[in-house]
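Presented below is the structure to which this report refers.
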Amino acid sequence: MKMQELMVVFFELRHVRSSSARARDGITISERLQPVMSQIANDIKACGSACDAYLKKGFLMKTVKSGVYENRLSEFCSIFDDHKKTVELAMSIHVTVGMDAANEKLDHQHDRLKNIERKLDMIAVFRKLDTPREKDINRFIESHGGARACITNDELLEELIVKSGELSVARISGKDNGRKSNDLPQIRKRLFKELQEDIDDTFKRNMVLFERKLEMQNKQLTDALHQESSHIISTLLSGAHDRIIDSDLQKIWKDMGWKGSVKARHFVLALHDYYTDLLNRQSPHPGKYDRSSISPLPSPVPRSPLPPTPSSARSSSFSLRKRPDDRWALAYINAAYVQPILEAVDDDGTGFVSVKEVNTFVESRPEGWSLPTWIAFWAVGWQASISKYKSQIYSLIQTMFQVLEHALPSNRRAIDEYLFHASFWRIELLLRSTRSINFKIMSDPDLARVTEAYSAAEEERIDGNLKEVAYELDTPATVSLVTGEGRIERYIFPLIYLLLKRHLEVLKLACKHVLDTEELATLNESLVSVLLTVDDRIQNLEAVFKQTHLDVQGRFGNFAFGLFQSSYGDIRRVPSQNTLGTWVDEDENSTGRKEFLTLESIKAELHESSCEILKYGIQDAFHATDYYEFELHRLRASPNPIQGTWTGHCSRREGEENVTFLIRVSFKLSFDRKTLLGKGEDYSSTFNFSGTTSRGRGGYDFTFAITDDDGGLCRTCTGTLSLSTDTITATWSDRRKKDNPDEVDYQPFVLRRTPPFLYRYRYKQHEFSEDPTRARWSFACNAVLHQVQAKMWSRQFFERRFNDRKRFVELSVRDLVVSMGLTPQNPLSTAEKQELDYLRRDLDPSEARFYHALATFEIQKLPWHPAWGCDWCERRITKCRIMCLHCMSEDLSDNIDLCGVCMDRMPTKRGFSHDVSHPMVKVEQTLHDFHFSRVVEAAKSALERAKGLLRNVESALRGEDPAAFALTSPRSSRGSGSTGAEPMDPKDLIACACCRRPVTTPCWACVTCARDTFVCQECDLKRLPALLDGPSPTHTISHPLVRIRDSSIAGQNATTEEKLAALQQRLVNLEHKVADGLSAIDMKVEERLTRLEAKMDHRFSLFEASAEARFDTLEALLRQVVAQTSALPSMYGQVVREHVKSVYFGK
């Protein structure tokens, strides 16, 4: 609105006759406006970038941080008001007679602006523009204690997400399968990170991408204006029949008597007949076709603008120039290829070809190409092109999963989440539904030449545009900007191929460098933008198809070779149909399968890759804070004694607990001595600040503000330096303090000049009160001993530091696992909590922050399973994931998942009733849809094979008919060893790969290893590796394992003895199950009785206290009544006493 008012002012320039005319001061209007116009252009660009960054944020983030965005955007209103005032002043000075008139005009404009500022409050305008949903969420946030409180609480955060109705993954993932998402920790982390993000930094980062998009859009607009100008002029000067650009199509259109549009089949047949007759008339030997005489096809380049020429001139010029021999293309311009030709011309999908669509199709033809060649490409060549890209995309994704095996452990989680993202199974839907071409058709050399030339040119163009935006597609609008005009199906596969090719380079860098966790999330957002564009196209086509076809799904199957068929309707994740891992290139001309990637080959390729492709850079190092500038000898002589480093204990509330830690704050004055600058650090974060200081009574007062790293709140620190005690007393405050003034976050804390690394030896207040001399001597001795040991590199000094680091990291990791809702958990005991608190209070903040970073890094290296949580404890699963093979849907889209702690639990959810006797498979790493189906099938086969081997061994050990029974090597049973039988000790066949002892049920069998590999229960719990000289030296902990609870067999193939043994085993299992169930019921009953007893005791105590209080009140009341009645005459006293007695004690 303000920008529009500024633009209106420029209309006054129409009264200026000449821009070169000089005013009385000798300055032209262009010279006068030049400086301000440059600034206006920069501010308009900055405002556009800010609006672009705001629009890219999710609805929830925009609402939670609405106040910050409103304040920042309202500043642009003031900027444009100032520019408007400046432009009006410059124009007034130029057009008025004298300076007095200009001054009067200036005064008038000043008063006018003041009135506007009083009437127009931009914040009030923003409030009026709030949608009902925004108002509802704002009320919800305010009623529950603010954004931080809502984000911290799981229930409030879930409700907030439901109210917002927006998640990036949900936009493309179709319908949910009913499982509760376990992504709250990730959502909370993302919201906290965006809350703490400085809005100016956000706008600054977005400006780079915005300028690239603006430049690209400007270039495309300029090209479009050049190309369309001649066409517009010629169209205005011609008749209705001359609106078609191409002379051949114009003649066909005129001869056939078509009007504004024509049916597609008639159009294609007319094209074929026209070009057949034309080429036969020009060729002296119609039956001969010499391919060797064909000149090379020009490379497709943007067509240069041509001057407008009348249609007659175009026809005559066409007849004079030599027409290329296009008879090879006539084979593809017939009714058999009417559908792809129609789709190439008919952009709206109505089945009719209009004049406008014909002109658009002709204008998109590469320069130097004839129309038959262009039509033949879209008839067959385009399908060949997308078939090639389909194969390349499949190959890229398979290479990505090979690279995943060699990624650094710290990057594994981010890559797993990237590959597990819904965008990948959405891409798989596009690939699976697209019909590949019969590559025998591509034996035509002319068609192959055309297809290769156009595909290479389009790929080069799109890749150039992607480089302009640094391969970051933040919105669907950016996708359209990169691809250019035209239907998305024309560019979807080349675009996805180029994006995944760039993403593969990033994944390879993850094999050598530690990447930021947001790096791969940004890559997913680019894929999401592409798929949102696809969804928009599907919605538009659906609206057209519903009007012309009864079977919309079938129509999508015929459109664009089935590209959108699987993406239409009720789409959902179906791992059983996923083809990413099973695809094989059917092209006979392909070079064959790629060799399996090794870490050495990946690192060799990295020499050609640059880390500049990373948006957030590499994170290989820990960034320590430099306090060298705050050392006393570095500070300039100043009368202000607040300069230097101060250390003390501070507290804050984290979750349900109060945490006390050591904080370090360093101050120095700026060069002008007016600003207080400094840095601060605690065990989890650092901060920079600037503030003010002034001389107060008995010392110096100071104040500074920082942004809270956790909640994004602006926190203000106010303190006073006491010159008498040489201590600083400070307090933190923010907008939540008025609601909770007694919280530990807002309590005063004391800072002293004691160096941070010596603060652990400082005496406590009670020690100093008891014996000041002893306390000081103890502190001095310990401090000197610490410094001497550090200077001499004492063994004791390093051992103590090593133990501190080990315990801090270990305890912090376990504490973080609990606070983040992960499983398995090992909560800290009371003594361990006190030990961790002691380390946070006493360790140097720089060391503690490094140790805390190590703990966070350990969490980052955990094998996360980015699916859903445990179906029993509902926590996010890390390390091992247990999947029930029995409680699994047929399409593998849903199953019972358990963590390692809840493996023996029996949840009942989503129609599944799990039992501990069900076969289960354990995976240590994320099981992607790429491997899902194969692992499940291999687990079922390994289970049956292992059970059979165990039964054979049991029979051999019992001596049942040893002559008729021969054990064979399990290697031969898997087809990877000798083909003949190898008699061996039966116990060796079922030996544990980790300890060589024969296994007994329950045990585990490997799903991946080439031979039948067993792991006993004890070795699995201890996570022991396989013995190098054991039965399966190639087995690793990361291999999936299937659980063998017993060796029983069921079914028609079982003998009577086997059925009896199976029945006996089932009875034993049932007995164990009943016993476990009864014990669980007993525990529950006992627990409930205990709780009920405690509750009754509590209520009885409350009742007794209440009754006692009421009796005391009654007694006091009676005493008061007696005291009052004693002063009355005896007659009144007697009446009152009788009344009281009758009321309270009855007659």
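By order in the structure tokens, chains are A, B, ...; within a chain, residues start at 1; ligands start at 1, following the order shown.
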task: Considering only C-alpha atoms, return as a PyMOL selection string whatever protein or nucleic-acid residues lie within 8 Å of A:Tyr761, sequence-local ones (same chain, fewer than 2 positions apart) excluded.
output: chain A and resi 758-759+763+779+782-783
query: With distances taken over only C-alpha atoms, which of A:Leu957, A:Ile386, A:Ala376, A:Leu531 is nearest to A:Arg449?
result: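 Closest residue, counting only C-alpha atoms: A:Ala376.
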query: Which of stretch 807-896 of chain A counts as helix (DSSP H, G or I) under DSSP, as a PyMOL selection string please?
result: chain A and resi 807-819+830-842+845-861
